[in-house]
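Peer 1: Here it is, the structure in full.
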Amino acid sequence: MSNRPGYKHTPLGWIPEDWEVKSLEDVVGFLDGKRKPIKEADRSKIKGDYPYYGASGIIDYVNDYIFDDELILLGEDGANILNRSTPLAFKVKGKIWVNNHAHVLKPKNGAHIDYVTEFLESIRYDRYNTGTAQPKLNKEVCSQIPVLYPTSKEQCSIGRISTTWDEGISKAQQLIANLQQRNKGLMQQLLTGKKRLKGFEREWKGMHIYEIAGEVSLKNKEDKQLTVLSCTKYDGLVPSLEYFGRRVFGSDTSTYKVVPKEHFAYATNHIEEGSIGYQSIFDEALISPMYTVFKTTVEVNDNFLYKLLKSHQYIHQYRKRMEGSIDRRGGLRWDEFSKIPVHLPEIKEQAAIAKVLDAAVSEVKLYEQKLAAIQQQKKGLMQKLLTGEVRVKI
């Protein structure tokens, strides 16, 4: 860009000649003096009709100072703010309450709010960290952050482009939320028989888990070097190293349990969180000895049962049984888990229901991929617009 006419060199790189580099305090006014700290003891007294903002966005409702304007909020502290490439910076409009963990910024001197918000979202803040153990972005350092400052008209155009993209992103997010809510209702109806698929009319059979499955306890006595799995609340069984990014299990796995393919496993002491999974990837894998492993009979479609056992209805069952357990070892062991009642349709209907639910989940994932692509496209475009690499026509 150094050879391009119409650009000049600055500490922030090459920018258009008609742009300036200003400090943030020249662009916005800080309204931080009107914020109030919210103590944990005050949480029980929370009340009000307006949203409450802290470092992590909307937290709760609280009777605090009311701002009634179009403003920018920028998170001041917290590891979630400074340990990532961009902190939480967003525009708000209307009556809100703000505590002392978020800077309240009001554009001044003709600065365009959408442009300033977008610029604040685009820069890295780890270099401005003034905290030690607790990352912090204090007002003194924050006020000196350099801001690329185009002409007022170009700010307005860039802000309008940003807003247009944000509206599209918001609509995509709302569509995904609607589909997720639809899927939640669909699961609840199909997995309980409240809604039947066409062509299936036979009554569902009531039974217990021990009638359709049996516990499997195979120890890794030969110390096989197999993939070690962990069970997660949302994703079921996943390779431990990939999920945690580091080794969280010991080097000696001879006491671990073997989980053959097409077997279930759940975290005996944490199943109330929904930590149950299905092993469908490896011929054999390992799981902590603190897990319970079981295998179903031929009259069960594992995909259907897995969805059923991960549903909120059954997570509630796990919690109730753990609370009422007299087992001093803790957790929900097979003897008690296997007594949980289930209602199953014929296996063909089980497979059909699982197929419908899989299709519904795939639809959400498709839209999530499209959303990610849109967000990435916006990020790339704004990076060029905010640095002047690409100019907008006024």
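In the structure tokens, chains take the letters A, B, ... in the order shown, each chain's residues start at 1, and ligands count up from 1 in the order shown.
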Please provide the set of residues having any atom within 10 Å of Thr253 (chain A), restricted to only C-alpha atoms, with same-chain residues fewer than 3 positions apart removed, written as a compact mmCIF listing (two decimals) with C-alpha atoms, in the first residue's frame.
Peer 2:
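Output contents, as saved in out_22.txt:
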# COMPACT_ATOMS: atom_id res chain seq x y z
CA LYS A 219 -11.22 -53.58 31.85
CA ASN A 220 -8.18 -52.59 29.81
CA LYS A 221 -6.06 -55.28 31.49
CA GLU A 222 -3.76 -55.61 28.48
CA ASP A 223 -3.10 -51.85 28.63
CA LYS A 224 -4.09 -51.29 25.00
CA GLN A 225 -3.15 -47.88 23.61
CA LEU A 226 -6.65 -46.83 22.61
CA VAL A 228 -9.48 -42.14 25.66
CA PHE A 249 -6.05 -38.53 32.17
CA GLY A 250 -3.18 -40.53 33.63
CA TYR A 256 -9.82 -47.87 32.36
CA LYS A 257 -12.91 -49.47 30.85
CA LEU A 286 -11.29 -46.23 26.63
CA ILE A 287 -13.30 -44.48 29.28
CA SER A 288 -12.57 -43.62 32.91
CA PRO A 289 -13.39 -46.38 35.42
Peer 1: Just asking: which residues within region 213-259 of chain A are helix (DSSP H, G or I) according to DSSP, as a ChimeraX atom specification?
Peer 2: /A:240-244
Peer 1: Compare A:Gln313, A:Thr387, A:Gln375, A:Leu229 by their minimum atom-to-atom distance to Tyr243 (chain A), counting only C-alpha atoms, and give me the closest one.
Peer 2: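 When distances to Tyr243 (chain A) are compared using only C-alpha atoms, the smallest one comes from A:Leu229.
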Peer 1: Rounded to one decimal place, report the CA of Ala354 (chain A)-CA of Asn183 (chain A) distance in Å.
Peer 2: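 Computing it gives 12.2 Å between the two atoms.
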Peer 1: Go through A:Met382, A:Val147, A:Val28, A:Leu309 and flag the residue nearest Thr163 (chain A), using only C-alpha atoms for the distances.
Peer 2: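 Result for the nearest residue to Thr163 (chain A): A:Met382.
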Peer 1: Of the candidates A:Lys307, A:Lys365, A:His343, A:Arg247, which shows the shortest atom-to-atom distance to Ile209 (chain A), using only C-alpha atoms?
Peer 2: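 Once distances to Ile209 (chain A) are computed over only C-alpha atoms, the minimum belongs to A:His343.
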Peer 1: Identify, on the basis of only C-alpha atoms, every residue whose closest approach to Lys153 (chain A) does not exceed 12 Å; exclude the query and any residue fewer than 2 positions from it along the same chain; express the result as a VMD selection string.
Peer 2: chain A and resid 18 to 19 110 to 112 115 149 to 151 155 to 160 391 to 394
Peer 1: When you draw a straight line from CA of Val259 (chain A) to CA of Gln188 (chain A), how long is it in Å?
Peer 2: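 For CA of Val259 (chain A) relative to CA of Gln188 (chain A), the distance reads 29.0 Å.
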Peer 1: Can you work out which one of A:Val356, A:Leu385, A:Cys231, A:Leu175 has the shortest atom-to-atom distance to Val293 (chain A), counting only C-alpha atoms?
Peer 2: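 Ranking A:Val356, A:Leu385, A:Cys231, A:Leu175 by distance to Val293 (chain A), first place goes to A:Cys231.
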Peer 1: May I ask which of the residues A:Leu381, A:Val116, A:Val258, A:Ala359 is the closest one to Leu218 (chain A), counting only C-alpha atoms?
Peer 2: A:Val258
Peer 1: Mind pulling up the distance from CA of Lys295 (chain A) to CA of Val361 (chain A)?
Peer 2: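 Taking CA of Val361 (chain A) and CA of Lys295 (chain A), their separation equals 25.0 Å.
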Peer 1: Sorted by chain and rising residue number, list the residues of region 284-373 of chain A at most 12 Å from region 167-171 of chain A (counting only C-alpha atoms), each with its closest atom pair and distance in Å to one decimal, as JSON lines.
Peer 2:
{"residue": "A:Tyr367", "atom": "CA", "partner": "A:Ile169", "partner_atom": "CA", "distance": 11.1}
{"residue": "A:Glu368", "atom": "CA", "partner": "A:Ile169", "partner_atom": "CA", "distance": 10.7}
{"residue": "A:Lys370", "atom": "CA", "partner": "A:Ile169", "partner_atom": "CA", "distance": 9.8}
{"residue": "A:Leu371", "atom": "CA", "partner": "A:Ile169", "partner_atom": "CA", "distance": 6.7}
{"residue": "A:Ala372", "atom": "CA", "partner": "A:Ile169", "partner_atom": "CA", "distance": 9.2}
{"residue": "A:Ala373", "atom": "CA", "partner": "A:Ile169", "partner_atom": "CA", "distance": 10.2}
Peer 1: So which one's closest to Thr292 (chain A), A:Asp358, A:Asp335, A:Asp32, A:Glu262? Using only C-alpha atoms, please.
Peer 2: A:Asp335
Peer 1: Please list as an NGL selection string every residue within 9 Å of region 269-272 of chain A, counting only C-alpha atoms and excluding residues in the same chain fewer than 3 positions away.
Peer 2: :A and (233 or 266 or 275-276 or 290-291 or 314-320 or 322 or 330-333)
Peer 1: Would you list, as a short mmCIF file (atom, residue, chain, number, x, y, z; two decimals) with C-alpha atoms, in the first residue's frame, the residues of region 240-331 of chain A that end up in strand (DSSP E or B) under DSSP run on this structure's backbone?
Peer 2:
data_model
loop_
_atom_site.label_atom_id
_atom_site.label_comp_id
_atom_site.auth_asym_id
_atom_site.auth_seq_id
_atom_site.Cartn_x
_atom_site.Cartn_y
_atom_site.Cartn_z
CA LYS A 257 -12.91 -49.47 30.85
CA VAL A 258 -13.11 -50.52 27.22
CA VAL A 259 -16.05 -49.07 25.28
CA PRO A 260 -16.67 -51.15 22.15
CA HIS A 263 -22.13 -49.11 23.22
CA PHE A 264 -23.43 -46.42 25.57
CA ALA A 265 -21.45 -44.84 28.40
CA TYR A 266 -22.37 -42.29 31.04
CA ALA A 267 -20.55 -40.40 33.78
CA ILE A 276 -24.28 -39.70 28.56
CA GLY A 277 -22.91 -40.68 25.16
CA TYR A 278 -22.90 -43.30 22.40
CA GLN A 279 -19.67 -44.74 20.96
CA GLU A 284 -12.74 -49.87 20.75
CA ALA A 285 -12.00 -46.88 22.96
CA LEU A 286 -11.29 -46.23 26.63
CA ILE A 287 -13.30 -44.48 29.28
CA TYR A 291 -18.12 -44.36 33.92
CA THR A 292 -20.84 -46.95 33.37
CA VAL A 293 -21.00 -48.79 30.03
CA PHE A 294 -24.00 -50.67 28.63
CA LYS A 295 -25.24 -52.31 25.44
CA THR A 296 -28.82 -52.49 24.13
#
Peer 1: Neighbours of Leu73 (chain A) within 7 Å (only C-alpha atoms; same-chain residues fewer than 6 positions away dropped), as a compact mmCIF listing (two decimals) with N, CA and C atoms, in the first residue's frame?
Peer 2:
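Result file selection_12.txt:
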# COMPACT_ATOMS: atom_id res chain seq x y z
N ALA A 89 -17.93 -5.11 22.85
CA ALA A 89 -18.27 -3.72 22.56
C ALA A 89 -19.53 -3.73 21.72
N PHE A 90 -20.55 -3.04 22.16
CA PHE A 90 -21.79 -3.04 21.39
C PHE A 90 -22.61 -1.79 21.68
N LYS A 91 -23.50 -1.50 20.76
CA LYS A 91 -24.33 -0.31 20.85
C LYS A 91 -25.62 -0.63 21.57
N ALA A 102 -18.26 -2.07 33.05
CA ALA A 102 -18.35 -1.77 31.62
C ALA A 102 -18.23 -0.27 31.43
N HIS A 103 -17.37 0.14 30.50
CA HIS A 103 -17.27 1.56 30.17
C HIS A 103 -18.51 1.99 29.40
N VAL A 104 -19.02 3.17 29.73
CA VAL A 104 -20.16 3.75 29.02
C VAL A 104 -19.62 4.90 28.17
N LEU A 105 -19.75 4.77 26.85
CA LEU A 105 -19.15 5.73 25.93
C LEU A 105 -20.23 6.44 25.12
Peer 1: If we count only C-alpha atoms and set the cut-off at 9 Å, which residues sit around Ser338 (chain A), ignoring sequence neighbours fewer than 3 positions away in its own chain? Please answer as a tab-separated table (two decimals) with N, CA and C atoms, in the first residue's frame.
Peer 2:
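For reference, selection07.tsv as written:
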chain	number	residue	atom	x	y	z
A	208	HIS	N	-38.55	-51.20	31.40
A	208	HIS	CA	-37.46	-50.57	32.10
A	208	HIS	C	-36.17	-50.78	31.30
A	209	ILE	N	-35.17	-49.94	31.60
A	209	ILE	CA	-33.92	-50.02	30.85
A	209	ILE	C	-33.28	-51.40	30.97
A	210	TYR	N	-33.39	-52.04	32.15
A	210	TYR	CA	-32.76	-53.36	32.32
A	210	TYR	C	-33.38	-54.42	31.41
A	211	GLU	N	-34.59	-54.15	30.87
A	211	GLU	CA	-35.23	-55.11	29.97
A	211	GLU	C	-34.72	-54.98	28.54
A	213	ALA	N	-31.40	-53.49	27.91
A	213	ALA	CA	-29.96	-53.23	27.90
A	213	ALA	C	-29.29	-53.94	29.06
A	214	GLY	N	-28.00	-54.16	28.93
A	214	GLY	CA	-27.24	-54.80	29.99
A	214	GLY	C	-25.91	-54.10	30.19
A	215	GLU	N	-25.43	-54.07	31.43
A	215	GLU	CA	-24.16	-53.42	31.73
A	215	GLU	C	-23.00	-54.22	31.14
A	333	ARG	N	-25.58	-45.42	39.74
A	333	ARG	CA	-24.97	-46.66	39.25
A	333	ARG	C	-26.01	-47.50	38.50
A	334	TRP	N	-25.51	-48.52	37.83
A	334	TRP	CA	-26.35	-49.30	36.93
A	334	TRP	C	-27.58	-49.87	37.61
A	335	ASP	N	-27.45	-50.36	38.82
A	335	ASP	CA	-28.59	-50.97	39.51
A	335	ASP	C	-29.78	-50.02	39.58
A	341	PRO	N	-37.88	-46.21	33.84
A	341	PRO	CA	-38.85	-46.68	32.85
A	341	PRO	C	-38.70	-45.98	31.50
